[in-house]
file entry_9.cif (mmCIF, C-alpha atoms and all ligand atoms; chains and numbers go by the auth columns)
data_target
loop_
_atom_site.group_PDB
_atom_site.id
_atom_site.type_symbol
_atom_site.label_atom_id
_atom_site.label_comp_id
_atom_site.label_asym_id
_atom_site.label_seq_id
_atom_site.Cartn_x
_atom_site.Cartn_y
_atom_site.Cartn_z
_atom_site.B_iso_or_equiv
_atom_site.auth_seq_id
_atom_site.auth_asym_id
ATOM 1 C CA MET A 1 100.927 -9.831 52.954 0.00 835 C
ATOM 2 C CA ALA A 2 102.233 -13.220 51.920 0.00 836 C
ATOM 3 C CA MET A 3 102.849 -13.687 48.218 0.00 837 C
ATOM 4 C CA ARG A 4 100.161 -15.796 46.606 0.00 838 C
ATOM 5 C CA THR A 5 101.234 -18.908 44.805 0.00 839 C
ATOM 6 C CA LEU A 6 99.503 -20.765 42.002 0.00 840 C
ATOM 7 C CA ASP A 7 98.641 -23.415 44.557 0.00 841 C
ATOM 8 C CA ASP A 8 96.808 -20.773 46.628 0.00 842 C
ATOM 9 C CA CYS A 9 94.863 -19.776 43.520 0.00 843 C
ATOM 10 C CA PHE A 10 94.079 -23.407 42.776 0.00 844 C
ATOM 11 C CA GLN A 11 92.630 -23.962 46.237 0.00 845 C
ATOM 12 C CA ASP A 12 90.695 -20.721 46.060 0.00 846 C
ATOM 13 C CA GLU A 13 89.172 -21.684 42.732 0.00 847 C
ATOM 14 C CA LEU A 14 88.319 -25.112 44.118 0.00 848 C
ATOM 15 C CA ARG A 15 86.434 -23.452 46.976 0.00 849 C
ATOM 16 C CA ASP A 16 84.677 -21.201 44.490 0.00 850 C
ATOM 17 C CA VAL A 17 83.470 -24.078 42.315 0.00 851 C
ATOM 18 C CA LEU A 18 82.353 -26.046 45.373 0.00 852 C
ATOM 19 C CA SER A 19 80.114 -23.122 46.251 0.00 853 C
ATOM 20 C CA ALA A 20 78.910 -22.891 42.641 0.00 854 C
ATOM 21 C CA GLU A 21 77.923 -26.559 42.531 0.00 855 C
ATOM 22 C CA LYS A 22 76.185 -26.404 45.889 0.00 856 C
ATOM 23 C CA GLN A 23 74.178 -23.383 44.763 0.00 857 C
ATOM 24 C CA LEU A 24 73.199 -25.280 41.642 0.00 858 C
ATOM 25 C CA VAL A 25 72.006 -28.279 43.663 0.00 859 C
ATOM 26 C CA ARG A 26 69.582 -25.904 45.351 0.00 860 C
ATOM 27 C CA ALA A 27 68.516 -24.110 42.161 0.00 861 C
ATOM 28 C CA LEU A 28 68.021 -26.953 39.683 0.00 862 C
ATOM 29 C CA PRO A 29 64.844 -28.398 41.269 0.00 863 C
ATOM 30 C CA LYS A 30 63.169 -24.980 40.972 0.00 864 C
ATOM 31 C CA MET A 31 64.206 -24.654 37.332 0.00 865 C
ATOM 32 C CA ALA A 32 63.023 -28.191 36.568 0.00 866 C
ATOM 33 C CA LYS A 33 59.680 -27.405 38.135 0.00 867 C
ATOM 34 C CA GLY A 34 59.267 -24.307 35.997 0.00 868 C
ATOM 35 C CA VAL A 35 59.705 -25.825 32.542 0.00 869 C
ATOM 36 C CA ALA A 36 56.990 -27.173 30.256 0.00 870 C
ATOM 37 C CA SER A 37 58.934 -29.703 28.198 0.00 871 C
ATOM 38 C CA GLU A 38 59.091 -33.091 29.870 0.00 872 C
ATOM 39 C CA GLU A 39 62.384 -33.841 28.120 0.00 873 C
ATOM 40 C CA LEU A 40 63.925 -30.609 29.360 0.00 874 C
ATOM 41 C CA ARG A 41 62.683 -31.273 32.880 0.00 875 C
ATOM 42 C CA GLN A 42 64.276 -34.718 32.802 0.00 876 C
ATOM 43 C CA ALA A 43 67.545 -33.280 31.504 0.00 877 C
ATOM 44 C CA LEU A 44 67.626 -30.768 34.364 0.00 878 C
ATOM 45 C CA LEU A 45 66.815 -33.449 36.934 0.00 879 C
ATOM 46 C CA ASP A 46 69.491 -35.748 35.492 0.00 880 C
ATOM 47 C CA HIS A 47 71.947 -32.909 35.801 0.00 881 C
ATOM 48 C CA LEU A 48 70.859 -32.347 39.392 0.00 882 C
ATOM 49 C CA GLU A 49 71.887 -35.900 40.175 0.00 883 C
ATOM 50 C CA GLU A 50 75.195 -35.392 38.354 0.00 884 C
ATOM 51 C CA THR A 51 75.761 -32.136 40.224 0.00 885 C
ATOM 52 C CA GLU A 52 75.355 -33.910 43.561 0.00 886 C
ATOM 53 C CA GLY A 53 78.046 -36.324 42.405 0.00 887 C
ATOM 54 C CA GLN A 54 80.221 -33.382 41.375 0.00 888 C
ATOM 55 C CA VAL A 55 80.014 -31.930 44.880 0.00 889 C
ATOM 56 C CA GLU A 56 81.184 -35.293 46.229 0.00 890 C
ATOM 57 C CA ARG A 57 84.072 -35.398 43.760 0.00 891 C
ATOM 58 C CA LEU A 58 85.126 -31.898 44.788 0.00 892 C
ATOM 59 C CA GLU A 59 85.075 -32.958 48.427 0.00 893 C
ATOM 60 C CA GLN A 60 87.287 -35.899 47.489 0.00 894 C
ATOM 61 C CA ALA A 61 89.619 -33.508 45.675 0.00 895 C
ATOM 62 C CA PHE A 62 90.004 -31.470 48.878 0.00 896 C
ATOM 63 C CA GLU A 63 90.675 -34.685 50.771 0.00 897 C
ATOM 64 C CA SER A 64 93.388 -35.638 48.282 0.00 898 C
ATOM 65 C CA LEU A 65 95.063 -32.309 49.077 0.00 899 C
ATOM 66 C CA ASP A 66 94.651 -32.809 52.845 0.00 900 C
ATOM 67 C CA LYS A 67 92.405 -29.760 52.992 0.00 901 C
ATOM 68 C CA SER A 68 88.952 -29.394 54.441 0.00 902 C
ATOM 69 C CA PRO A 69 86.243 -28.813 51.821 0.00 903 C
ATOM 70 C CA ARG A 70 85.380 -25.220 52.649 0.00 904 C
ATOM 71 C CA SER A 71 83.448 -23.349 50.005 0.00 905 C
ATOM 72 C CA LYS A 72 83.850 -19.688 49.170 0.00 906 C
ATOM 73 C CA LYS A 73 80.725 -18.000 47.889 0.00 907 C
ATOM 74 C CA CYS A 74 80.712 -17.937 44.103 0.00 908 C
ATOM 75 C CA VAL A 75 79.150 -14.587 43.256 0.00 909 C
ATOM 76 C CA ALA A 76 79.175 -15.348 39.528 0.00 910 C
ATOM 77 C CA MET A 77 77.013 -18.449 39.971 0.00 911 C
ATOM 78 C CA GLU A 78 74.730 -16.508 42.266 0.00 912 C
ATOM 79 C CA GLY A 79 74.188 -14.000 39.455 0.00 913 C
ATOM 80 C CA LEU A 80 73.633 -16.656 36.809 0.00 914 C
ATOM 81 C CA ILE A 81 71.062 -18.394 39.007 0.00 915 C
ATOM 82 C CA GLU A 82 69.354 -15.108 39.775 0.00 916 C
ATOM 83 C CA GLU A 83 68.999 -14.378 36.065 0.00 917 C
ATOM 84 C CA GLY A 84 67.594 -17.852 35.546 0.00 918 C
ATOM 85 C CA SER A 85 65.043 -17.382 38.293 0.00 919 C
ATOM 86 C CA HIS A 86 63.840 -14.135 36.701 0.00 920 C
ATOM 87 C CA VAL A 87 63.078 -16.118 33.558 0.00 921 C
ATOM 88 C CA LEU A 88 60.776 -18.343 35.582 0.00 922 C
ATOM 89 C CA GLU A 89 58.738 -15.296 36.575 0.00 923 C
ATOM 90 C CA GLU A 90 58.323 -14.008 33.028 0.00 924 C
ATOM 91 C CA GLU A 91 55.023 -14.127 31.231 0.00 925 C
ATOM 92 C CA ALA A 92 55.672 -16.096 28.066 0.00 926 C
ATOM 93 C CA GLU A 93 54.411 -19.072 26.148 0.00 927 C
ATOM 94 C CA ASP A 94 55.705 -22.431 27.329 0.00 928 C
ATOM 95 C CA ASP A 95 58.089 -22.978 24.416 0.00 929 C
ATOM 96 C CA VAL A 96 59.491 -19.462 24.689 0.00 930 C
ATOM 97 C CA LYS A 97 60.046 -19.848 28.415 0.00 931 C
ATOM 98 C CA ASP A 98 61.723 -23.205 27.895 0.00 932 C
ATOM 99 C CA ALA A 99 64.002 -21.651 25.269 0.00 933 C
ATOM 100 C CA MET A 100 64.972 -18.966 27.798 0.00 934 C
ATOM 101 C CA ILE A 101 65.603 -21.557 30.514 0.00 935 C
ATOM 102 C CA ILE A 102 67.898 -23.467 28.165 0.00 936 C
ATOM 103 C CA ALA A 103 69.795 -20.243 27.465 0.00 937 C
ATOM 104 C CA ALA A 104 70.202 -19.622 31.204 0.00 938 C
ATOM 105 C CA ALA A 105 71.231 -23.236 31.861 0.00 939 C
ATOM 106 C CA GLN A 106 73.826 -23.125 29.079 0.00 940 C
ATOM 107 C CA LYS A 107 75.364 -19.980 30.556 0.00 941 C
ATOM 108 C CA VAL A 108 75.773 -21.934 33.786 0.00 942 C
ATOM 109 C CA GLU A 109 77.350 -24.873 31.952 0.00 943 C
ATOM 110 C CA HIS A 110 79.774 -22.659 30.050 0.00 944 C
ATOM 111 C CA TYR A 111 80.813 -20.925 33.259 0.00 945 C
ATOM 112 C CA GLU A 112 81.488 -24.292 34.859 0.00 946 C
ATOM 113 C CA ILE A 113 83.357 -25.569 31.806 0.00 947 C
ATOM 114 C CA ALA A 114 85.621 -22.509 31.964 0.00 948 C
ATOM 115 C CA THR A 115 86.264 -23.023 35.667 0.00 949 C
ATOM 116 C CA TYR A 116 86.963 -26.740 35.412 0.00 950 C
ATOM 117 C CA GLY A 117 89.175 -26.141 32.384 0.00 951 C
ATOM 118 C CA THR A 118 91.359 -23.785 34.420 0.00 952 C
ATOM 119 C CA LEU A 119 91.323 -26.097 37.440 0.00 953 C
ATOM 120 C CA CYS A 120 92.416 -29.073 35.318 0.00 954 C
ATOM 121 C CA THR A 121 95.297 -27.112 33.820 0.00 955 C
ATOM 122 C CA TRP A 122 96.453 -25.906 37.228 0.00 956 C
ATOM 123 C CA ALA A 123 96.048 -29.350 38.855 0.00 957 C
ATOM 124 C CA GLU A 124 98.224 -30.810 36.123 0.00 958 C
ATOM 125 C CA MET A 125 100.899 -28.117 36.468 0.00 959 C
ATOM 126 C CA LEU A 126 100.931 -28.466 40.246 0.00 960 C
ATOM 127 C CA GLY A 127 101.113 -32.262 40.117 0.00 961 C
ATOM 128 C CA HIS A 128 97.802 -32.822 41.921 0.00 962 C
ATOM 129 C CA THR A 129 97.138 -36.060 40.072 0.00 963 C
ATOM 130 C CA ASP A 130 94.214 -37.345 42.143 0.00 964 C
ATOM 131 C CA ALA A 131 92.434 -34.009 42.088 0.00 965 C
ATOM 132 C CA LEU A 132 93.054 -33.769 38.349 0.00 966 C
ATOM 133 C CA ALA A 133 91.292 -37.081 37.664 0.00 967 C
ATOM 134 C CA LEU A 134 88.262 -35.975 39.687 0.00 968 C
ATOM 135 C CA LEU A 135 88.121 -32.555 38.036 0.00 969 C
ATOM 136 C CA LYS A 136 88.361 -34.103 34.583 0.00 970 C
ATOM 137 C CA GLU A 137 85.300 -36.210 35.353 0.00 971 C
ATOM 138 C CA ASN A 138 83.328 -33.130 36.353 0.00 972 C
ATOM 139 C CA LEU A 139 84.495 -31.278 33.256 0.00 973 C
ATOM 140 C CA ALA A 140 83.381 -34.138 30.997 0.00 974 C
ATOM 141 C CA GLN A 141 79.944 -34.180 32.640 0.00 975 C
ATOM 142 C CA GLU A 142 79.493 -30.446 32.155 0.00 976 C
ATOM 143 C CA LYS A 143 80.429 -30.703 28.488 0.00 977 C
ATOM 144 C CA ALA A 144 77.979 -33.565 27.978 0.00 978 C
ATOM 145 C CA ALA A 145 75.228 -31.642 29.777 0.00 979 C
ATOM 146 C CA ASP A 146 75.886 -28.632 27.565 0.00 980 C
ATOM 147 C CA GLU A 147 75.657 -30.746 24.411 0.00 981 C
ATOM 148 C CA LYS A 148 72.420 -32.291 25.613 0.00 982 C
ATOM 149 C CA LEU A 149 70.960 -28.807 26.093 0.00 983 C
ATOM 150 C CA THR A 150 72.095 -27.782 22.605 0.00 984 C
ATOM 151 C CA LYS A 151 70.240 -30.788 21.172 0.00 985 C
ATOM 152 C CA LEU A 152 67.098 -29.993 23.167 0.00 986 C
ATOM 153 C CA ALA A 153 67.278 -26.365 22.066 0.00 987 C
ATOM 154 C CA GLU A 154 67.078 -27.390 18.417 0.00 988 C
ATOM 155 C CA SER A 155 63.475 -28.577 18.768 0.00 989 C
ATOM 156 C CA ILE A 156 62.394 -26.238 21.555 0.00 990 C
ATOM 157 C CA ASN A 157 63.679 -23.078 19.858 0.00 991 C
ATOM 158 C CA LEU A 158 61.918 -24.108 16.671 0.00 992 C
ATOM 159 C CA ALA A 159 58.661 -24.571 18.556 0.00 993 C
ATOM 160 C CA ALA A 160 59.160 -21.169 20.180 0.00 994 C
ATOM 161 C CA THR A 161 59.230 -19.408 16.799 0.00 995 C
ATOM 162 C CA THR A 162 55.692 -20.480 15.864 0.00 996 C
HETATM 163 FE FE FE B . 78.380 -28.759 37.719 0.00 1 X
#
call {"tool": "encode", "arguments": {"input": "entry_9.cif", "output": "structure tokens"}}
result
Amino acid sequence: MAMRTLDDCFQDELRDVLSAEKQLVRALPKMAKGVASEELRQALLDHLEETEGQVERLEQAFESLDKSPRSKKCVAMEGLIEEGSHVLEEEAEDDVKDAMIIAAAQKVEHYEIATYGTLCTWAEMLGHTDALALLKENLAQEKAADEKLTKLAESINLAATT
């Protein structure tokens, strides 16, 4: 078996996150539909639009490496989405359900932040400058989305306690 290089790992991780983002594009509309708070719904729909842009950026990153944008099933994202979809089926008051959806959505964001953080570090080390710029944009969007959810959680969690 050929020895794996860091560049192999980088490309593998890029395929993994492409799969993760594509799965999220499919899942976010369902999550948005299932929440009660209009603000939360809008936040999820805004992030859907951003996620579609992230998929495009990842495809551009592959292009910059002269590679075809093949995804490799991200099992971790599949699990996170599955947990989130179970929340939608739970019997709970609106505020409580929304609080649980935020928790599930933030797990997704933190997973993506971890992945993009690693990808940015590797892209920099490997001298993939164009890919690095694209990945940094995605990372910044995920961090902003996470902060937005934290803000929303402040009021929604409070409502869920009463
Ligand atoms: Fe994303």
call {"tool": "residues_near_point", "arguments": {"input": "entry_9.cif", "point": "(79.3, -15.1, 38.3)", "cutoff": "10 Å", "atoms": "all atoms listed in the file", "output": "number ranges by chain"}}
result
C: 854, 908-915, 941-942, 945
call {"tool": "residues_near_ligand", "arguments": {"input": "entry_9.cif", "ligand": "ligand FE 1 (chain X)", "cutoff": "7 Å", "atoms": "only C-alpha atoms and all ligand atoms", "output": "PyMOL selection string"}}
result
chain C and resi 855+885+888+946+972+976
call {"tool": "write_last_selection", "arguments": {"input": "entry_9.cif", "atoms": "C-alpha atoms", "output": "short mmCIF file (atom, residue, chain, number, x, y, z; two decimals), keeping the file's coordinate frame"}}
result
data_model
loop_
_atom_site.label_atom_id
_atom_site.label_comp_id
_atom_site.auth_asym_id
_atom_site.auth_seq_id
_atom_site.Cartn_x
_atom_site.Cartn_y
_atom_site.Cartn_z
CA GLU C 855 77.92 -26.56 42.53
CA THR C 885 75.76 -32.14 40.22
CA GLN C 888 80.22 -33.38 41.38
CA GLU C 946 81.49 -24.29 34.86
CA ASN C 972 83.33 -33.13 36.35
CA GLU C 976 79.49 -30.45 32.16
#
call {"tool": "closest_residue", "arguments": {"input": "entry_9.cif", "among": "C:Gly868, C:Leu973, C:Lys982, C:Ala926", "to": "Ala948 (chain C)", "atoms": "only C-alpha atoms"}}
result
C:Leu973
call {"tool": "resolve_selection", "arguments": {"input": "entry_9.cif", "expression": "the PyMOL selection byres (((chain C and resi 867) around 12) and not hetatm)", "output": "PyMOL selection string"}}
result
chain C and resi 861-866+868-872+874-879+919+922+932+935
call {"tool": "resolve_selection", "arguments": {"input": "entry_9.cif", "expression": "the PyMOL selection byres (((chain C and resi 847) around 12) and not hetatm)", "output": "PyMOL selection string"}}
result
chain C and resi 840-846+848-854+892+896+903-908+946+948-954+956-957+969
call {"tool": "resolve_selection", "arguments": {"input": "entry_9.cif", "expression": "the PyMOL selection byres (((chain C and resi 898) around 12) and not hetatm)", "output": "list in words"}}
result
Gln845, Arg891, Leu892, Glu893, Gln894, Ala895, Phe896, Glu897, Leu899, Asp900, Lys901, Ser902, Pro903, Ala957, Gly961, His962, Thr963, Asp964, Ala965, Leu966, Ala967, Leu968 and Leu969 of chain C
call {"tool": "residues_near_point", "arguments": {"input": "entry_9.cif", "point": "(66.4, -18.9, 33.2)", "cutoff": "6 Å", "atoms": "only C-alpha atoms", "output": "PDB file with C-alpha atoms, keeping the file's coordinate frame"}}
result
ATOM      1  CA  GLU C 917      68.999 -14.378  36.065  1.00  0.00           C
ATOM      2  CA  GLY C 918      67.594 -17.852  35.546  1.00  0.00           C
ATOM      3  CA  SER C 919      65.043 -17.382  38.293  1.00  0.00           C
ATOM      4  CA  VAL C 921      63.078 -16.118  33.558  1.00  0.00           C
ATOM      5  CA  MET C 934      64.972 -18.966  27.798  1.00  0.00           C
ATOM      6  CA  ILE C 935      65.603 -21.557  30.514  1.00  0.00           C
ATOM      7  CA  ALA C 938      70.202 -19.622  31.204  1.00  0.00           C
TER       8      ALA C 938
END
call {"tool": "atom_distance", "arguments": {"input": "entry_9.cif", "atom1": "CA of Ile990 (chain C)", "atom2": "CA of Glu925 (chain C)"}}
result
17.2 Å
call {"tool": "closest_residue", "arguments": {"input": "entry_9.cif", "among": "C:Met959, C:Met837, C:Ala994, C:Leu858", "to": "Ala933 (chain C)", "atoms": "only C-alpha atoms"}}
result
C:Ala994
call {"tool": "atom_distance", "arguments": {"input": "entry_9.cif", "atom1": "CA of Lys856 (chain C)", "atom2": "CA of Glu886 (chain C)"}}
result
7.9 Å
call {"tool": "decode", "arguments": {"input": "entry_9.cif", "residues": "region 836-968 of chain C", "atoms": "C-alpha atoms", "output": "PDB file, in the first residue's frame"}}
result
ATOM      1  CA  ALA C 836       1.298   3.424  -0.920  1.00  0.00           C
ATOM      2  CA  MET C 837       2.300   5.638   1.978  1.00  0.00           C
ATOM      3  CA  ARG C 838      -0.263   8.334   2.633  1.00  0.00           C
ATOM      4  CA  THR C 839       0.896  11.901   2.537  1.00  0.00           C
ATOM      5  CA  LEU C 840      -0.578  14.941   4.238  1.00  0.00           C
ATOM      6  CA  ASP C 841      -1.803  16.010   0.825  1.00  0.00           C
ATOM      7  CA  ASP C 842      -3.763  12.738   0.541  1.00  0.00           C
ATOM      8  CA  CYS C 843      -5.321  13.450   3.932  1.00  0.00           C
ATOM      9  CA  PHE C 844      -6.139  16.995   2.876  1.00  0.00           C
ATOM     10  CA  GLN C 845      -7.976  15.810  -0.223  1.00  0.00           C
ATOM     11  CA  ASP C 846      -9.771  13.127   1.740  1.00  0.00           C
ATOM     12  CA  GLU C 847     -10.952  15.642   4.310  1.00  0.00           C
ATOM     13  CA  LEU C 848     -12.065  17.963   1.523  1.00  0.00           C
ATOM     14  CA  ARG C 849     -14.195  15.159   0.082  1.00  0.00           C
ATOM     15  CA  ASP C 850     -15.594  14.469   3.532  1.00  0.00           C
ATOM     16  CA  VAL C 851     -16.650  18.074   4.131  1.00  0.00           C
ATOM     17  CA  LEU C 852     -18.160  18.308   0.647  1.00  0.00           C
ATOM     18  CA  SER C 853     -20.384  15.388   1.577  1.00  0.00           C
ATOM     19  CA  ALA C 854     -21.176  16.995   4.943  1.00  0.00           C
ATOM     20  CA  GLU C 855     -22.266  20.265   3.343  1.00  0.00           C
ATOM     21  CA  LYS C 856     -24.356  18.521   0.714  1.00  0.00           C
ATOM     22  CA  GLN C 857     -26.125  16.497   3.397  1.00  0.00           C
ATOM     23  CA  LEU C 858     -26.820  19.709   5.268  1.00  0.00           C
ATOM     24  CA  VAL C 859     -28.325  21.354   2.182  1.00  0.00           C
ATOM     25  CA  ARG C 860     -30.840  18.517   2.163  1.00  0.00           C
ATOM     26  CA  ALA C 861     -31.490  18.554   5.919  1.00  0.00           C
ATOM     27  CA  LEU C 862     -31.804  22.260   6.716  1.00  0.00           C
ATOM     28  CA  PRO C 863     -35.182  22.816   4.991  1.00  0.00           C
ATOM     29  CA  LYS C 864     -36.699  20.031   7.115  1.00  0.00           C
ATOM     30  CA  MET C 865     -35.260  21.514  10.302  1.00  0.00           C
ATOM     31  CA  ALA C 866     -36.469  24.996   9.355  1.00  0.00           C
ATOM     32  CA  LYS C 867     -39.935  23.625   8.762  1.00  0.00           C
ATOM     33  CA  GLY C 868     -40.008  21.993  12.178  1.00  0.00           C
ATOM     34  CA  VAL C 869     -39.245  25.004  14.366  1.00  0.00           C
ATOM     35  CA  ALA C 870     -41.736  27.371  15.980  1.00  0.00           C
ATOM     36  CA  SER C 871     -39.663  30.536  16.295  1.00  0.00           C
ATOM     37  CA  GLU C 872     -39.803  32.657  13.167  1.00  0.00           C
ATOM     38  CA  GLU C 873     -36.365  34.088  13.942  1.00  0.00           C
ATOM     39  CA  LEU C 874     -34.863  30.627  14.289  1.00  0.00           C
ATOM     40  CA  ARG C 875     -36.504  29.503  11.062  1.00  0.00           C
ATOM     41  CA  GLN C 876     -35.028  32.498   9.256  1.00  0.00           C
ATOM     42  CA  ALA C 877     -31.590  31.803  10.719  1.00  0.00           C
ATOM     43  CA  LEU C 878     -31.740  28.208   9.476  1.00  0.00           C
ATOM     44  CA  LEU C 879     -32.917  29.295   6.029  1.00  0.00           C
ATOM     45  CA  ASP C 880     -30.177  31.938   5.844  1.00  0.00           C
ATOM     46  CA  HIS C 881     -27.677  29.254   6.699  1.00  0.00           C
ATOM     47  CA  LEU C 882     -29.132  27.025   3.996  1.00  0.00           C
ATOM     48  CA  GLU C 883     -28.315  29.704   1.457  1.00  0.00           C
ATOM     49  CA  GLU C 884     -24.812  30.075   2.910  1.00  0.00           C
ATOM     50  CA  THR C 885     -24.347  26.308   2.834  1.00  0.00           C
ATOM     51  CA  GLU C 886     -25.175  26.219  -0.875  1.00  0.00           C
ATOM     52  CA  GLY C 887     -22.455  28.820  -1.365  1.00  0.00           C
ATOM     53  CA  GLN C 888     -20.084  26.713   0.729  1.00  0.00           C
ATOM     54  CA  VAL C 889     -20.626  23.729  -1.561  1.00  0.00           C
ATOM     55  CA  GLU C 890     -19.723  25.961  -4.510  1.00  0.00           C
ATOM     56  CA  ARG C 891     -16.586  27.196  -2.752  1.00  0.00           C
ATOM     57  CA  LEU C 892     -15.535  23.617  -2.037  1.00  0.00           C
ATOM     58  CA  GLU C 893     -16.021  22.749  -5.694  1.00  0.00           C
ATOM     59  CA  GLN C 894     -13.818  25.715  -6.578  1.00  0.00           C
ATOM     60  CA  ALA C 895     -11.223  24.469  -4.097  1.00  0.00           C
ATOM     61  CA  PHE C 896     -11.124  21.109  -5.903  1.00  0.00           C
ATOM     62  CA  GLU C 897     -10.772  22.957  -9.194  1.00  0.00           C
ATOM     63  CA  SER C 898      -7.836  24.943  -7.817  1.00  0.00           C
ATOM     64  CA  LEU C 899      -6.148  21.613  -7.053  1.00  0.00           C
ATOM     65  CA  ASP C 900      -6.987  20.203 -10.506  1.00  0.00           C
ATOM     66  CA  LYS C 901      -9.133  17.534  -8.882  1.00  0.00           C
ATOM     67  CA  SER C 902     -12.710  16.590  -9.567  1.00  0.00           C
ATOM     68  CA  PRO C 903     -15.094  17.442  -6.717  1.00  0.00           C
ATOM     69  CA  ARG C 904     -15.923  13.931  -5.569  1.00  0.00           C
ATOM     70  CA  SER C 905     -17.490  13.653  -2.149  1.00  0.00           C
ATOM     71  CA  LYS C 906     -16.878  10.869   0.328  1.00  0.00           C
ATOM     72  CA  LYS C 907     -19.786  10.110   2.614  1.00  0.00           C
ATOM     73  CA  CYS C 908     -19.381  11.920   5.915  1.00  0.00           C
ATOM     74  CA  VAL C 909     -20.728   9.461   8.469  1.00  0.00           C
ATOM     75  CA  ALA C 910     -20.320  11.958  11.311  1.00  0.00           C
ATOM     76  CA  MET C 911     -22.620  14.493   9.645  1.00  0.00           C
ATOM     77  CA  GLU C 912     -25.075  11.731   8.872  1.00  0.00           C
ATOM     78  CA  GLY C 913     -25.222  10.947  12.594  1.00  0.00           C
ATOM     79  CA  LEU C 914     -25.571  14.575  13.635  1.00  0.00           C
ATOM     80  CA  ILE C 915     -28.424  15.069  11.169  1.00  0.00           C
ATOM     81  CA  GLU C 916     -30.096  11.875  12.313  1.00  0.00           C
ATOM     82  CA  GLU C 917     -30.018  13.076  15.916  1.00  0.00           C
ATOM     83  CA  GLY C 918     -31.472  16.389  14.812  1.00  0.00           C
ATOM     84  CA  SER C 919     -34.291  14.692  12.956  1.00  0.00           C
ATOM     85  CA  HIS C 920     -35.204  12.681  16.063  1.00  0.00           C
ATOM     86  CA  VAL C 921     -35.683  15.973  17.886  1.00  0.00           C
ATOM     87  CA  LEU C 922     -38.265  16.971  15.301  1.00  0.00           C
ATOM     88  CA  GLU C 923     -40.297  13.882  16.170  1.00  0.00           C
ATOM     89  CA  GLU C 924     -40.278  14.519  19.913  1.00  0.00           C
ATOM     90  CA  GLU C 925     -43.363  15.590  21.775  1.00  0.00           C
ATOM     91  CA  ALA C 926     -42.437  18.845  23.467  1.00  0.00           C
ATOM     92  CA  GLU C 927     -43.578  22.410  23.800  1.00  0.00           C
ATOM     93  CA  ASP C 928     -42.534  24.719  20.984  1.00  0.00           C
ATOM     94  CA  ASP C 929     -39.864  26.568  22.963  1.00  0.00           C
ATOM     95  CA  VAL C 930     -38.384  23.340  24.300  1.00  0.00           C
ATOM     96  CA  LYS C 931     -38.255  21.828  20.831  1.00  0.00           C
ATOM     97  CA  ASP C 932     -36.643  24.961  19.441  1.00  0.00           C
ATOM     98  CA  ALA C 933     -34.040  24.845  22.219  1.00  0.00           C
ATOM     99  CA  MET C 934     -33.264  21.239  21.247  1.00  0.00           C
ATOM    100  CA  ILE C 935     -33.021  22.141  17.557  1.00  0.00           C
ATOM    101  CA  ILE C 936     -30.547  24.901  18.390  1.00  0.00           C
ATOM    102  CA  ALA C 937     -28.479  22.393  20.368  1.00  0.00           C
ATOM    103  CA  ALA C 938     -28.464  20.001  17.399  1.00  0.00           C
ATOM    104  CA  ALA C 939     -27.634  22.797  14.939  1.00  0.00           C
ATOM    105  CA  GLN C 940     -24.747  24.004  17.106  1.00  0.00           C
ATOM    106  CA  LYS C 941     -23.276  20.502  17.206  1.00  0.00           C
ATOM    107  CA  VAL C 942     -23.289  20.601  13.410  1.00  0.00           C
ATOM    108  CA  GLU C 943     -21.620  24.021  13.372  1.00  0.00           C
ATOM    109  CA  HIS C 944     -18.930  22.970  15.831  1.00  0.00           C
ATOM    110  CA  TYR C 945     -18.192  19.855  13.797  1.00  0.00           C
ATOM    111  CA  GLU C 946     -17.808  21.980  10.685  1.00  0.00           C
ATOM    112  CA  ILE C 947     -15.659  24.548  12.484  1.00  0.00           C
ATOM    113  CA  ALA C 948     -13.326  21.750  13.599  1.00  0.00           C
ATOM    114  CA  THR C 949     -13.110  20.358  10.077  1.00  0.00           C
ATOM    115  CA  TYR C 950     -12.512  23.700   8.391  1.00  0.00           C
ATOM    116  CA  GLY C 951      -9.962  24.614  11.053  1.00  0.00           C
ATOM    117  CA  THR C 952      -7.937  21.507  10.210  1.00  0.00           C
ATOM    118  CA  LEU C 953      -8.381  22.032   6.468  1.00  0.00           C
ATOM    119  CA  CYS C 954      -7.161  25.638   6.715  1.00  0.00           C
ATOM    120  CA  THR C 955      -4.070  24.597   8.651  1.00  0.00           C
ATOM    121  CA  TRP C 956      -3.255  21.841   6.172  1.00  0.00           C
ATOM    122  CA  ALA C 957      -3.951  24.047   3.119  1.00  0.00           C
ATOM    123  CA  GLU C 958      -1.538  26.607   4.516  1.00  0.00           C
ATOM    124  CA  MET C 959       1.172  24.027   5.244  1.00  0.00           C
ATOM    125  CA  LEU C 960       0.777  22.470   1.806  1.00  0.00           C
ATOM    126  CA  GLY C 961       0.846  25.831   0.030  1.00  0.00           C
ATOM    127  CA  HIS C 962      -2.660  25.513  -1.433  1.00  0.00           C
ATOM    128  CA  THR C 963      -3.225  29.258  -1.354  1.00  0.00           C
ATOM    129  CA  ASP C 964      -6.399  29.430  -3.448  1.00  0.00           C
ATOM    130  CA  ALA C 965      -8.050  26.599  -1.560  1.00  0.00           C
ATOM    131  CA  LEU C 966      -7.016  28.216   1.717  1.00  0.00           C
ATOM    132  CA  ALA C 967      -8.802  31.479   0.876  1.00  0.00           C
ATOM    133  CA  LEU C 968     -11.996  29.597   0.012  1.00  0.00           C
TER     134      LEU C 968
END
